[in-house]
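J.: Before I ask anything, let me first share the structure, which is written out below as structure tokens.
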4 protein chains.
Amino acid sequence: MNVDIFKVPMAGPDDLEGFALLIKEKKVDPANIVAIVAKTEGNGNVNDFTRGFTTFALQSFLSTHLRCSRDMISKKVSIVCSGGCEGVMSPHATIFARSSGDGEEQKKRVEKRLAIGVRNTRELLPEEIGTSIQANEVSKAVGEAMADAAIDDPLDVHFVQIKCPLLTSERMNDAGARGKKIVTKDTLKSMAFSRGASALGIAMALKEVDEKNVTDSAICTDWSLFSNIASTSAGVELMNNEIVVMGNSLKSSSNYLIGHSVMQDLIDSEAVWDALKNAGLKRNGNAQLSKKDAERVVNVFAKAGAHPSGLVRGRRTTMLTDSDISSTRHARAVVNGVIASIVGDPMVYVSGGTEHQGPLGGGPIAVIAHV
Amino acid sequence: MNVDIFKVPMAGPDDLEGFALLIKEKKVDPANIVAIVAKTEGNGNVNDFTRGFTTFALQSFLSTHLRCSRDMISKKVSIVCSGGCEGVMSPHATIFARSSGDGEEQKKRVEKRLAIGVRNTRELLPEEIGTSIQANEVSKAVGEAMADAAIDDPLDVHFVQIKCPLLTSERMNDAGARGKKIVTKDTLKSMAFSRGASALGIAMALKEVDEKNVTDSAICTDWSLFSNIASTSAGVELMNNEIVVMGNSLKSSSNYLIGHSVMQDLIDSEAVWDALKNAGLKRNGNAQLSKKDAERVVNVFAKAGAHPSGLVRGRRTTMLTDSDISSTRHARAVVNGVIASIVGDPMVYVSGGTEHQGPLGGGPIAVIAHV
Amino acid sequence: MNVDIFKVPMAGPDDLEGFALLIKEKKVDPANIVAIVAKTEGNGNVNDFTRGFTTFALQSFLSTHLRCSRDMISKKVSIVCSGGCEGVMSPHATIFARSSGDGEEQKKRVEKRLAIGVRNTRELLPEEIGTSIQANEVSKAVGEAMADAAIDDPLDVHFVQIKCPLLTSERMNDAGARGKKIVTKDTLKSMAFSRGASALGIAMALKEVDEKNVTDSAICTDWSLFSNIASTSAGVELMNNEIVVMGNSLKSSSNYLIGHSVMQDLIDSEAVWDALKNAGLKRNGNAQLSKKDAERVVNVFAKAGAHPSGLVRGRRTTMLTDSDISSTRHARAVVNGVIASIVGDPMVYVSGGTEHQGPLGGGPIAVIAHV
Amino acid sequence: MNVDIFKVPMAGPDDLEGFALLIKEKKVDPANIVAIVAKTEGNGNVNDFTRGFTTFALQSFLSTHLRCSRDMISKKVSIVCSGGCEGVMSPHATIFARSSGDGEEQKKRVEKRLAIGVRNTRELLPEEIGTSIQANEVSKAVGEAMADAAIDDPLDVHFVQIKCPLLTSERMNDAGARGKKIVTKDTLKSMAFSRGASALGIAMALKEVDEKNVTDSAICTDWSLFSNIASTSAGVELMNNEIVVMGNSLKSSSNYLIGHSVMQDLIDSEAVWDALKNAGLKRNGNAQLSKKDAERVVNVFAKAGAHPSGLVRGRRTTMLTDSDISSTRHARAVVNGVIASIVGDPMVYVSGGTEHQGPLGGGPIAVIAHV
């Protein structure tokens, strides 16, 4: 297996110039693209239409290049758009491509390299969203995606990005008509439940939590259960879970390594360095990566959210009492700034909504770097 | 001279519990207080009434304790409230008190310690606000405040906080009635001009710029002119400039040192470490100060603003195109997060509005630490 | 009884110039003031400190004039500050004063005139807030306030303004320590429960609902129960309910009449005209009141909130899906605009938070006019 | 000529279900569509991407139906998306179609009916945007569009919708490279200049202002010059002006009438009734249109903006001092609410940015109704 990753700046939600150039210069074959993860510049909340706009533009673009319908693209490529570029976060897309690679070369490898595996679960019923059934389906599919990535050891998995479904009024009504109970009647909350159940599904697959603890009642309640490498995002356009597993494998001939760590709170700079170190970069005694190492970083992926107490290191913050700016926006601004101040680049990916993804008030952080 | 500094958390704009406790426990004599610098939790823009609320509450409180009118307090104590606690910034007040100290002990000193000097300019005429006349008056008063702080060498000055006037409709009309020209008819812009002229006045006094370059037309235009230690803030309640000079002096018997540096952009973590080092704290090879050193930090004071290009390290940010959240809010969230990730405390002071205070897109940063 | 009412514009949360002038010109004796109802220019949500600022400023001002403590003023005068001046709503305060009046003149009266009655409930226990106990206490006190206003017939009551308590963490802990259950662990929600229980207390007193229906489980659940004349507002500074009853009475020698109606939705202009008519003003076939009638209007008081469906006249609105601006802000802008377009004055009082105050998506509207 | 107009609700920026149904049911032939005017649910300011998203979705949709490129659609159909659905404003699109009609029937007509004319100016040079040259080009094209609509008398024109260009950095640089001066270096301001020059071009064509007064220096300065029927909107995707003239003509066999009036301020309900009357609807003495008349209204189009004084009827509003919500958002919420309270439907079109469109603080209002 070979894997290629490209980070392209975006001048707006529908700016695909950087992407088009990659294709024009034959740096990436559009047929090999398996996933695109983008930061778009909306508010990251309910009325953030930049996610939909970017998805629409990307699908239109790929459907033209691959001569198929937008619908087909939607099945073939997992597109995750996370809204909210607060602080200095710079809008961009990360494009993941996978090809079969050079088998001969792989045989000689003794070092693990970045590998990617993808898998979708079956479509869920509305009443299954946010329940242990979803967690179980995700867990099973994560295992399959690991196999697809040629990764055996859970310790070699460093980031799992999932796109999961949510409940709409229609879906709730459908369940109701069949006499089934749903986890919540609130669309916004259903996103949290779906993200939470998906994250716990990852945690089960990677043995981070004991599966017997992942009960319906634990989801979005028992915050002692979490995954250190989960990043989940809910979207209206699907009813299954799209799973992208990233890790290191001897079977990969790619030129990248992935590493991760867990931020214990929003200003945990030590964890940032930890993740960089795990991706093969050097701690140098300075406040920032050396220029040479900085150039090796492809992207950093982190999740961020406010602690329910509103406290950080025992200090009161206004994140949860600010009725003008939501706490997710405050959290993203901070974590992006902290990471940028270390890697020297504000174009890194920080996303909100951290249910069962890292400890309360903290979140997973992963780094992909050139070898 | 002796100087004492206290940082107290605030649970709201009128929460003076921490302050009251200091007085009750006789840690500070209210009669010695010369300045209070607070971060309040409004938006930091035009309709941020938390600044006025905190000022009102502090003046009411001190007028009760010192048995004098609120008006008298306003003349005696320089109260600077900076609005905007974005990201993880924690609302608080820093209280500066000064007493005559122990002359005998001072004679024996061979090390410089934190000293504070205060001075007000004469009241300005509306037509002088934002002009080189204001800069000159400020420059003269900064010199006098240095003398008041027993500091001779400009290099021993590390932070100058100024509260300066702005133009209201009434003041504009007053100038007009006398046939005088004002710098702008826009109240908001007059704040920028007043901050800019004040900052250049500091720069003149400290020989950071050549005074012949500080012409009317250079103010808020020639951004190559700036001070590395200025922090200026405009308020409607005064017509003169209130100046607080902070530096190190052999004549001080205080237990604090002050140091500073200049952030070149919003994610300049190296400058944060520089300022810490200059205040006597050790660089330890880790991402954060050691616990012991962190406890020595009294507060960090920084200014933050977006570069007019909207770029940070060549990357597009959305700070200047975000019509929902003003760029000053984005900038404060980032700089506070970066500093907090190093000192391990989100309760540090970051303020917006950086005209002629540090280079474009960057800003001064000062640290006060226990010896 | 005599009643006087004054509406004064406010140039900011602490602007009491208009109020001071009333006292200076002896138009109102500060000792007679029983209530002040103000619209302040914050966001009307959790971090709206303009309400506290105005309350602080009013209490400081009155404590100086009446030579007593701020605390004493807080007991003597019911100050209700409602945040949020969206659209064209103009910040202002309405001051209610009451004196004993001229008994002889009252005997001769055959027409009812505006009368005001005030009463406080006992202090509630945390576990009573938001329950039927609160509703019952309010109901009893409303009856007493009616007697205080010399009003017998519930049909003569046209507006009841209540300030009610909320749950803080401390109060929740206090209940917990005594083994008592509270209605919610969420401070924001406790405000809704307290407003709702208070509104139902009014409805019970005025026979708008059957008291046996006002059970704990009906509060903030059964929206078919509501009062057509309730306006309730929760504040952190009290543990009892402060009640101001406004109606018309033969015992009053005031020069005002009060009338009311109920807006069925946010654009119910017919209801605005209805309320005006009930306060003695003429429907004239035009879109706006005649100049002469407009001058007779002292103020209009209305409550506004979004229907849970997000629909208005079957049309989708974005009020509930807008993550940048809360639905209460949208609702206030609209209702104020609709009223202003009829009375020809944007300085009218519209407040959010309509639990059990009018039908879902609508709200009470009252008009006080000169005879 | 025949004209057909359809108003379709939108459940989101890319929701074209209502539009698709019109085509499926053969109510409109997509080939006949000349203009689409939509209200989308962004903030209506710089980072409102809902306008672009809706435009992208509409063009994709029409390009599929008409089997041509998106680019071709952009040339053939004038798509104006106005962002901002504040208050109760309901997102929707109005679709204008024009066909050749039944010549015989037209000969017999003695009553004027709604006619539509379209015309584009030549592409402007960057240095012409916002100048009297733009105004002149627009004026000429409006005359041609009137001819296209078979309207001779300027009094028969009741609404002119223009989409005009703006200055980007690239366009500014292009002008600079050729040694040409541009009206402003600020992209946002260039939108105001372009809207203003376009509005004055309309005013010239319709003899509302004397063309010798429309000088470069008068544009966006002399607010005594304005059009009562102009609605202009700037967009980045074009360099010419797209003009849609709406009026009544004997040559039209449509079943609609258009009328207009001018709101003198944001709460001018009389003007709303005036416009309704001019479109053939009856004033009925009630606060709202009769149900029968309400059903005849197709849509109402209005422009709204804050008066530079911030005053409405002499009262202070907070529209211009609110740093959380821009004044255009406040203004749209109010004007939409006022109109909705009269026509009984919140799905009407209110747009911001009123340079030279109606008097300061007011704006044009037009009504299209079934005969």
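Please note that chains go A, B, ... in the order of the structure tokens, that every chain numbers its residues from 1, and that ligands are numbered from 1 in the order shown.
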Just the residues within 7 Å of region 130-137 of chain C, please, counting only C-alpha atoms, with nothing from its chain fewer than 4 positions along; format it as a list in words.

T.: Thr121, Ala141, Val183, Ser190, Phe193, Ser194, Ala197, Ser198, Leu200, Gly201, Val214, Thr215 and Asp216 of chain C

J.: Just to be explicit: take each residue in the selection above, keep N, CA, C and O atoms, and write the result as a JSON list (two decimals), in the first residue's frame.

T.:
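The result, stored in selection.json:
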[["chain", "number", "residue", "atom", "x", "y", "z"],
["C", 121, "THR", "N", -43.56, 37.75, 48.43],
["C", 121, "THR", "CA", -43.81, 36.47, 49.11],
["C", 121, "THR", "C", -42.75, 36.29, 50.20],
["C", 121, "THR", "O", -41.80, 37.06, 50.29],
["C", 141, "ALA", "N", -49.85, 35.97, 47.20],
["C", 141, "ALA", "CA", -49.31, 37.34, 47.26],
["C", 141, "ALA", "C", -49.93, 38.23, 46.19],
["C", 141, "ALA", "O", -50.12, 39.44, 46.40],
["C", 183, "VAL", "N", -35.58, 21.26, 41.13],
["C", 183, "VAL", "CA", -36.22, 20.99, 39.83],
["C", 183, "VAL", "C", -35.23, 20.77, 38.70],
["C", 183, "VAL", "O", -35.51, 20.08, 37.73],
["C", 190, "SER", "N", -33.26, 26.83, 35.63],
["C", 190, "SER", "CA", -33.97, 27.18, 36.86],
["C", 190, "SER", "C", -34.65, 28.54, 36.71],
["C", 190, "SER", "O", -35.69, 28.79, 37.32],
["C", 193, "PHE", "N", -37.91, 27.76, 34.98],
["C", 193, "PHE", "CA", -38.86, 27.14, 35.92],
["C", 193, "PHE", "C", -39.44, 28.17, 36.88],
["C", 193, "PHE", "O", -40.64, 28.17, 37.18],
["C", 194, "SER", "N", -38.58, 29.07, 37.36],
["C", 194, "SER", "CA", -39.05, 30.07, 38.32],
["C", 194, "SER", "C", -40.01, 31.05, 37.64],
["C", 194, "SER", "O", -41.05, 31.41, 38.19],
["C", 197, "ALA", "N", -43.31, 29.03, 37.04],
["C", 197, "ALA", "CA", -44.11, 28.82, 38.25],
["C", 197, "ALA", "C", -44.75, 30.14, 38.68],
["C", 197, "ALA", "O", -45.91, 30.17, 39.11],
["C", 198, "SER", "N", -44.01, 31.23, 38.57],
["C", 198, "SER", "CA", -44.54, 32.54, 38.97],
["C", 198, "SER", "C", -45.71, 32.93, 38.07],
["C", 198, "SER", "O", -46.74, 33.44, 38.54],
["C", 200, "LEU", "N", -47.69, 30.96, 36.47],
["C", 200, "LEU", "CA", -48.87, 30.14, 36.79],
["C", 200, "LEU", "C", -49.49, 30.57, 38.12],
["C", 200, "LEU", "O", -50.71, 30.45, 38.31],
["C", 201, "GLY", "N", -48.66, 31.09, 39.03],
["C", 201, "GLY", "CA", -49.20, 31.64, 40.27],
["C", 201, "GLY", "C", -50.12, 32.82, 39.99],
["C", 201, "GLY", "O", -51.20, 32.95, 40.57],
["C", 214, "VAL", "N", -52.30, 23.14, 38.30],
["C", 214, "VAL", "CA", -50.93, 23.65, 38.45],
["C", 214, "VAL", "C", -50.14, 22.71, 39.37],
["C", 214, "VAL", "O", -49.89, 22.99, 40.53],
["C", 215, "THR", "N", -49.75, 21.59, 38.81],
["C", 215, "THR", "CA", -48.96, 20.60, 39.56],
["C", 215, "THR", "C", -47.48, 20.79, 39.22],
["C", 215, "THR", "O", -47.14, 21.48, 38.25],
["C", 216, "ASP", "N", -46.62, 20.20, 40.00],
["C", 216, "ASP", "CA", -45.18, 20.28, 39.72],
["C", 216, "ASP", "C", -44.87, 19.85, 38.29],
["C", 216, "ASP", "O", -44.06, 20.48, 37.61]]

J.: Could you work out which residues of chain C fall inside 8 Å of chain A? Count only C-alpha atoms, and format the result as a PyMOL selection string.

T.: chain C and resi 43+45-47+321-326

J.: Store the residues picked out above, limited to all heavy atoms, as a short mmCIF file (atom, residue, chain, number, x, y, z; two decimals), in the first residue's frame.

T.:
data_model
loop_
_atom_site.label_atom_id
_atom_site.label_comp_id
_atom_site.auth_asym_id
_atom_site.auth_seq_id
_atom_site.Cartn_x
_atom_site.Cartn_y
_atom_site.Cartn_z
N ASN C 43 -27.27 41.58 25.89
CA ASN C 43 -27.84 40.57 25.00
C ASN C 43 -29.05 39.85 25.62
O ASN C 43 -29.67 39.01 24.99
CB ASN C 43 -26.78 39.55 24.54
CG ASN C 43 -26.14 38.80 25.71
OD1 ASN C 43 -26.74 38.66 26.77
ND2 ASN C 43 -24.92 38.33 25.50
N ASN C 45 -29.07 37.66 27.76
CA ASN C 45 -28.79 36.27 28.10
C ASN C 45 -27.88 36.16 29.31
O ASN C 45 -27.82 37.08 30.13
CB ASN C 45 -28.21 35.55 26.88
CG ASN C 45 -29.27 35.36 25.81
OD1 ASN C 45 -30.39 35.00 26.12
ND2 ASN C 45 -28.92 35.63 24.57
N VAL C 46 -27.16 35.04 29.42
CA VAL C 46 -26.39 34.78 30.63
C VAL C 46 -25.36 35.87 30.93
O VAL C 46 -25.27 36.35 32.06
CB VAL C 46 -25.69 33.40 30.53
CG1 VAL C 46 -24.90 33.11 31.80
CG2 VAL C 46 -26.73 32.30 30.32
N ASN C 47 -24.58 36.23 29.95
CA ASN C 47 -23.51 37.21 30.22
C ASN C 47 -23.93 38.64 29.90
O ASN C 47 -23.15 39.44 29.39
CB ASN C 47 -22.23 36.84 29.47
CG ASN C 47 -22.40 36.93 27.96
OD1 ASN C 47 -23.51 36.73 27.46
ND2 ASN C 47 -21.34 37.22 27.25
N THR C 321 -32.49 28.06 14.90
CA THR C 321 -31.31 27.40 14.35
C THR C 321 -30.15 28.37 14.18
O THR C 321 -29.11 28.00 13.66
CB THR C 321 -31.64 26.77 12.97
OG1 THR C 321 -32.23 27.78 12.14
CG2 THR C 321 -32.60 25.61 13.11
N ASP C 322 -30.34 29.60 14.62
CA ASP C 322 -29.29 30.60 14.48
C ASP C 322 -28.36 30.51 15.69
O ASP C 322 -28.72 30.85 16.80
CB ASP C 322 -29.92 31.99 14.41
CG ASP C 322 -28.89 33.07 14.10
OD1 ASP C 322 -27.70 32.86 14.38
OD2 ASP C 322 -29.27 34.12 13.58
N SER C 323 -27.15 30.02 15.46
CA SER C 323 -26.20 29.85 16.57
C SER C 323 -25.43 31.14 16.86
O SER C 323 -24.63 31.17 17.79
CB SER C 323 -25.21 28.73 16.25
OG SER C 323 -25.90 27.56 15.89
N ASP C 324 -25.64 32.19 16.06
CA ASP C 324 -24.94 33.45 16.32
C ASP C 324 -25.80 34.41 17.15
O ASP C 324 -25.28 35.17 17.95
CB ASP C 324 -24.58 34.14 14.99
CG ASP C 324 -23.61 33.31 14.17
OD1 ASP C 324 -22.58 32.90 14.74
OD2 ASP C 324 -23.88 33.05 13.00
N ILE C 325 -27.11 34.37 16.95
CA ILE C 325 -28.02 35.28 17.64
C ILE C 325 -29.13 34.43 18.26
O ILE C 325 -29.77 33.65 17.56
CB ILE C 325 -28.65 36.29 16.65
CG1 ILE C 325 -27.55 37.07 15.92
CG2 ILE C 325 -29.59 37.23 17.37
CD1 ILE C 325 -28.09 38.06 14.89
N SER C 326 -29.35 34.58 19.57
CA SER C 326 -30.34 33.72 20.22
C SER C 326 -31.76 34.12 19.82
O SER C 326 -32.03 35.26 19.43
CB SER C 326 -30.18 33.80 21.73
OG SER C 326 -30.67 35.03 22.20
#

J.: With distances taken over only C-alpha atoms, which residue among C:Val34, C:Ile229, C:Leu62, C:Ile219 lies nearest Val157 (chain C)?

T.: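 Using only C-alpha atoms, Val157 (chain C) sits closest to C:Ile229.
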
J.: Taking the DSSP assignment computed from this structure's backbone, write out as a ChimeraX atom specification all residues of region 13-85 of chain D that belong to alpha helix (DSSP H).

T.: /D:17-24,50-66,70-76

J.: Region 94-284 of chain B: which residues are strand (DSSP E or B) by DSSP, as a VMD selection string?

T.: chain B and resid 94 to 99 113 to 120 157 to 164 227 230 to 234 242 to 249 256 to 263

J.: For region 77-92 of chain A, list every protein, DNA or RNA residue within 6 Å, evaluated using only C-alpha atoms, and leave out those in the same chain fewer than 5 positions away; present the list as a PyMOL selection string.

T.: (chain A and resi 8-10+34-44+51+333+346-347) or (chain B and resi 316-317+330+334)

J.: For region 231-238 of chain D, work out the shell of residues within 6 Å, counting only C-alpha atoms and skipping chain neighbours fewer than 5 positions away, then give it as a count of residues only.

T.: 8

J.: Quick one: residues within 8 Å of Met246 (chain A), only C-alpha atoms, excluding same-chain residues fewer than 6 positions away - as a list in words?

T.: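 So the residues in contact are Leu114, Ala115, Ile116, Gly117, Ala149, Val157, His158, Phe159, Val160 and Ile258 of chain A.
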
J.: Could you tell me which of B:Lys303, B:Arg283, B:Arg119, B:Lys292 comes closest to Ser261 (chain B) if we count only C-alpha atoms?

T.: B:Lys303

J.: So, with only C-alpha atoms as the atoms that count, which of D:Asn278, D:Pro364, D:Val343, D:Asp29 lies closest to Ser290 (chain D)?

T.: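 Checking each of D:Asn278, D:Pro364, D:Val343, D:Asp29 against Ser290 (chain D), counting only C-alpha atoms, the winner is D:Val343.
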
J.: Give me the residues within 8 Å of Ser252 (chain C) as JSON, numbers by chain, counting only C-alpha atoms and dropping any in the same chain fewer than 4 places off.

T.: {"C": [1, 2, 3, 101, 106, 112, 113, 114, 115, 248]}

J.: What's the separation between CA of Asn32 (chain A) and CA of Val138 (chain A), in Å to one decimal place?

T.: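 Computing the Euclidean distance for CA of Asn32 (chain A) and CA of Val138 (chain A) yields 24.1 Å.
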
J.: Using CA of Gly179 (chain C) and CA of Leu124 (chain C) as the two end points, give the distance in Å to one decimal.

T.: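 Computing it gives 16.2 Å between the two atoms.
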